[in-house]
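Undergrad: Can you keep this structure in mind? I'll have questions shortly.
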Amino acid sequence: MDFSTTIYDSTVHDNYYAATDSGSLISATQLNAFMNQLLSTIDLATLGSVYFHQLHQHLNIANVSLSDYDSRLVYGKLTDTNAVHVELSLPMCQREADGLTKYVYYAFDKEPGPQARAKLAHFHQFFSQQLNHALEFRRLKQIATKDTLTGLGNRNGFNDSFSRLICRAHRHEQSFGLLVIDLDNFKQINDTRGHREGDSVLVNVATQIAQSLRGEDEAFRFGGDEFCCLLDCQTTTQLEAAASRLQSQIRSSTFLRRFNVTVSLGGAIFREQDDVNALFDRADSALYKAKESGKNTYQAA
């Protein structure tokens, strides 16, 4: 579709509205400012926010939604379902790998006129190009921060998340917890049943760990049979409860019981002076004590 000449209205199917010459509607200064703002970030969530605020300077727009990519990416005020509003859906320039077209959704409190529609089409054309760059950046970042076998975060992902949490801790004086997890007798599984079965065990353990976590918690695989979790815990009591929940989840797996798989865990709560190494070393030392005490148990630093 040529975005400079047509715009799709999702409220009237198969209906396209011709746009007037957008060059007469947007000055070179306005367009340069708009482009400079879009080019200031390649982070998907930030880009959506920047785009909405730029649109809001030129159009009477209620919200912008990127829900085809992530349901959380909605910017502006939530539209009252009982109120009369106009929704426009503009397709992305680039189709997905599955051949489907994704859309950006725009909501207005009242019917936008031809000039407003022309401006929106013009702005959307530039935004869709930058959005494609942000999506590719997100894809590459996910590759760089995800463990390919289990789908959990890897060491790079752990470092990114830790940096974010330590900033939050310093800003809001809100602590967090770390669990370091090791499978008991995993080497025996690889030696007697082979690495394919060993990989199946690792994938199942990762699934059990992820299912035991709450929304704010994150799980990672460091390699081999080493896992860890960053948890929204402020006290050792909360951390122990999380460890108990995880061990219970592991025990509930029929698949893992076939292999007699258990886990040993060490935990630590973030302290103000901690960096990533200090916190991890404390939790790792606690894990070592758990292994030495007979395995299949939890120790706190």
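Letters A, B, ... mark the chains of the structure tokens in the order given; residue numbers begin at 1 per chain; ligand numbers begin at 1, in order shown.
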Can you tell me, as a ChimeraX atom specification, what residues are no more than 12 Å from A:Tyr51 when counting only C-alpha atoms, ignoring any on the same chain fewer than 5 positions away?
TA: /A:33-46,56-59,61,63-66,73-76,104,106,120,123-128,130-131
Undergrad: Restricted to N, CA, C and O atoms, what would the selected residues look like written as a compact mmCIF listing (two decimals), in the first residue's frame?
TA:
```txt
# COMPACT_ATOMS: atom_id res chain seq x y z
N ALA A 33 11.80 17.30 13.12
CA ALA A 33 11.68 17.07 14.56
C ALA A 33 11.08 15.70 14.83
O ALA A 33 11.53 14.97 15.73
N PHE A 34 10.06 15.36 14.05
CA PHE A 34 9.41 14.06 14.20
C PHE A 34 10.40 12.93 13.94
O PHE A 34 10.50 11.97 14.72
N MET A 35 11.16 13.02 12.85
CA MET A 35 12.11 11.98 12.49
C MET A 35 13.23 11.87 13.51
O MET A 35 13.65 10.77 13.88
N ASN A 36 13.72 13.01 13.98
CA ASN A 36 14.81 12.98 14.97
C ASN A 36 14.38 12.29 16.25
O ASN A 36 15.16 11.56 16.88
N GLN A 37 13.13 12.52 16.67
CA GLN A 37 12.63 11.86 17.87
C GLN A 37 12.52 10.35 17.65
O GLN A 37 12.89 9.56 18.52
N LEU A 38 11.99 9.94 16.51
CA LEU A 38 11.87 8.51 16.23
C LEU A 38 13.23 7.82 16.18
O LEU A 38 13.40 6.70 16.64
N LEU A 39 14.20 8.51 15.61
CA LEU A 39 15.53 7.93 15.46
C LEU A 39 16.33 7.94 16.76
O LEU A 39 17.43 7.40 16.81
N SER A 40 15.76 8.54 17.82
CA SER A 40 16.47 8.64 19.09
C SER A 40 16.49 7.32 19.86
O SER A 40 17.23 7.18 20.82
N THR A 41 15.65 6.37 19.46
CA THR A 41 15.61 5.09 20.18
C THR A 41 15.29 3.96 19.22
O THR A 41 14.63 4.15 18.20
N ILE A 42 15.77 2.77 19.59
CA ILE A 42 15.44 1.57 18.84
C ILE A 42 14.80 0.53 19.75
O ILE A 42 14.51 -0.59 19.35
N ASP A 43 14.59 0.93 21.02
CA ASP A 43 13.88 0.07 21.96
C ASP A 43 12.39 0.12 21.65
O ASP A 43 11.80 1.21 21.55
N LEU A 44 11.75 -1.03 21.51
CA LEU A 44 10.38 -1.10 21.02
C LEU A 44 9.41 -0.33 21.91
O LEU A 44 8.61 0.48 21.42
N ALA A 45 9.46 -0.56 23.23
CA ALA A 45 8.52 0.09 24.14
C ALA A 45 8.72 1.59 24.16
O ALA A 45 7.76 2.37 24.14
N THR A 46 9.98 2.02 24.18
CA THR A 46 10.28 3.46 24.19
C THR A 46 9.87 4.11 22.89
O THR A 46 9.35 5.23 22.87
N HIS A 56 0.69 13.22 19.22
CA HIS A 56 -0.22 14.03 20.03
C HIS A 56 0.03 15.52 19.82
O HIS A 56 -0.87 16.34 20.05
N GLN A 57 1.22 15.89 19.37
CA GLN A 57 1.51 17.30 19.10
C GLN A 57 0.84 17.78 17.81
O GLN A 57 0.65 18.97 17.63
N HIS A 58 0.50 16.83 16.93
CA HIS A 58 -0.03 17.20 15.62
C HIS A 58 -1.48 16.78 15.41
O HIS A 58 -2.16 17.34 14.55
N LEU A 59 -1.93 15.78 16.18
CA LEU A 59 -3.26 15.22 15.96
C LEU A 59 -4.00 15.08 17.28
O LEU A 59 -3.39 14.86 18.33
N ILE A 61 -5.32 12.76 18.98
CA ILE A 61 -5.37 11.29 19.03
C ILE A 61 -5.50 10.84 20.48
O ILE A 61 -4.92 11.43 21.40
N ASN A 63 -5.22 7.30 21.59
CA ASN A 63 -4.18 6.33 21.91
C ASN A 63 -3.64 5.65 20.67
O ASN A 63 -4.25 5.71 19.59
N VAL A 64 -2.50 5.01 20.85
CA VAL A 64 -1.85 4.21 19.80
C VAL A 64 -1.57 2.85 20.40
O VAL A 64 -1.07 2.74 21.52
N SER A 65 -1.88 1.80 19.66
CA SER A 65 -1.68 0.44 20.15
C SER A 65 -0.81 -0.36 19.20
O SER A 65 -1.04 -0.38 17.98
N LEU A 66 0.19 -1.03 19.78
CA LEU A 66 1.04 -1.98 19.05
C LEU A 66 0.73 -3.39 19.53
O LEU A 66 1.62 -4.24 19.65
N LEU A 73 1.77 -2.91 24.86
CA LEU A 73 2.24 -1.70 24.19
C LEU A 73 1.07 -0.86 23.69
O LEU A 73 0.77 -0.79 22.50
N VAL A 74 0.40 -0.22 24.64
CA VAL A 74 -0.70 0.71 24.34
C VAL A 74 -0.37 2.03 25.00
O VAL A 74 -0.07 2.08 26.19
N TYR A 75 -0.44 3.11 24.23
CA TYR A 75 0.00 4.42 24.71
C TYR A 75 -1.15 5.41 24.63
O TYR A 75 -1.92 5.41 23.68
N GLY A 76 -1.23 6.28 25.64
CA GLY A 76 -2.31 7.25 25.70
C GLY A 76 -3.40 6.77 26.63
O GLY A 76 -3.24 5.80 27.36
N VAL A 104 -0.85 -1.25 13.11
CA VAL A 104 -0.79 -0.30 14.22
C VAL A 104 -2.18 0.29 14.33
O VAL A 104 -2.79 0.68 13.32
N TYR A 106 -4.91 3.06 15.82
CA TYR A 106 -5.02 4.44 16.27
C TYR A 106 -6.47 4.71 16.69
O TYR A 106 -7.41 4.33 15.99
N LEU A 120 -1.64 11.52 9.47
CA LEU A 120 -1.41 10.24 10.12
C LEU A 120 -0.77 9.24 9.16
O LEU A 120 0.18 8.53 9.53
N PHE A 123 2.93 10.21 8.81
CA PHE A 123 3.72 9.88 9.99
C PHE A 123 3.86 8.35 10.14
O PHE A 123 4.92 7.85 10.50
N HIS A 124 2.79 7.63 9.84
CA HIS A 124 2.82 6.18 9.97
C HIS A 124 3.86 5.55 9.03
O HIS A 124 4.51 4.56 9.39
N GLN A 125 4.00 6.13 7.86
CA GLN A 125 4.97 5.60 6.91
C GLN A 125 6.37 5.61 7.50
O GLN A 125 7.10 4.61 7.43
N PHE A 126 6.75 6.72 8.12
CA PHE A 126 8.09 6.82 8.72
C PHE A 126 8.19 5.94 9.97
O PHE A 126 9.21 5.29 10.20
N PHE A 127 7.12 5.92 10.76
CA PHE A 127 7.15 5.12 11.98
C PHE A 127 7.30 3.64 11.68
O PHE A 127 8.04 2.92 12.35
N SER A 128 6.59 3.16 10.66
CA SER A 128 6.63 1.72 10.36
C SER A 128 8.04 1.29 9.97
O SER A 128 8.45 0.16 10.28
N GLN A 130 10.89 2.66 11.19
CA GLN A 130 11.66 2.60 12.42
C GLN A 130 11.18 1.44 13.30
O GLN A 130 11.98 0.81 14.01
N LEU A 131 9.89 1.15 13.26
CA LEU A 131 9.36 0.03 14.02
C LEU A 131 9.96 -1.28 13.54
O LEU A 131 10.29 -2.16 14.35
```
Undergrad: For A:Gln188, which residue among A:Ala116, A:Val261, A:Ile26, A:Ala62 is the nearest when counting only C-alpha atoms?
TA: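 Using only C-alpha atoms, A:Gln188 sits closest to A:Val261.
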Undergrad: Stretch 276-290 of chain A: which residues within 10 Å, counting only C-alpha atoms, same-chain residues fewer than 5 positions away excluded, as an MDAnalysis selection string?
TA: chainID A and resid 158:159 162:163 166 177:182 228 263:271 295:301
Undergrad: Would you mind reading off the distance between atom CA of A:Gly113 and atom CA of A:Thr101, one decimal, in Å?
TA: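 So the answer is 25.9 Å.
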Undergrad: For A:Phe259, work out the shell of residues within 8 Å, counting only C-alpha atoms and skipping chain neighbours fewer than 3 positions away, then give it as a PDB file with N, CA and C atoms, in the first residue's frame.
TA:
```pdb
ATOM      1  N   ILE A 189      23.028 -38.902  34.690  1.00  0.00           N
ATOM      2  CA  ILE A 189      22.026 -39.030  33.621  1.00  0.00           C
ATOM      3  C   ILE A 189      22.698 -38.969  32.265  1.00  0.00           C
ATOM      4  N   PHE A 255       7.805 -36.724  34.924  1.00  0.00           N
ATOM      5  CA  PHE A 255       8.960 -36.955  34.054  1.00  0.00           C
ATOM      6  C   PHE A 255      10.255 -36.927  34.850  1.00  0.00           C
ATOM      7  N   LEU A 256      10.435 -35.927  35.722  1.00  0.00           N
ATOM      8  CA  LEU A 256      11.670 -35.806  36.489  1.00  0.00           C
ATOM      9  C   LEU A 256      11.797 -36.893  37.545  1.00  0.00           C
TER      10      LEU A 256
END
```
Undergrad: Any idea what the distance is between atom CA of A:Gln247 and atom CA of A:Asp160?
TA: 26.0 Å
Undergrad: Calculated over only C-alpha atoms, which of the candidates A:Phe220, A:Thr207, A:His195, A:Leu213 has the smallest distance to A:Thr145?
TA: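 Of A:Phe220, A:Thr207, A:His195, A:Leu213, the one nearest A:Thr145 is A:Phe220, counting only C-alpha atoms.
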Undergrad: Determine which residues of stretch 187-224 of chain A receive a DSSP assignment of strand (DSSP E or B), computed from the backbone, and state them as a ChimeraX atom specification.
TA: /A:218-223
Undergrad: Pull the helix (DSSP H, G or I) assignments for stretch 128-265 of chain A out of DSSP run on the backbone, and list those residues as a ChimeraX atom specification.
TA: /A:128-145,155-172,186-193,195-212,236-251,254-258
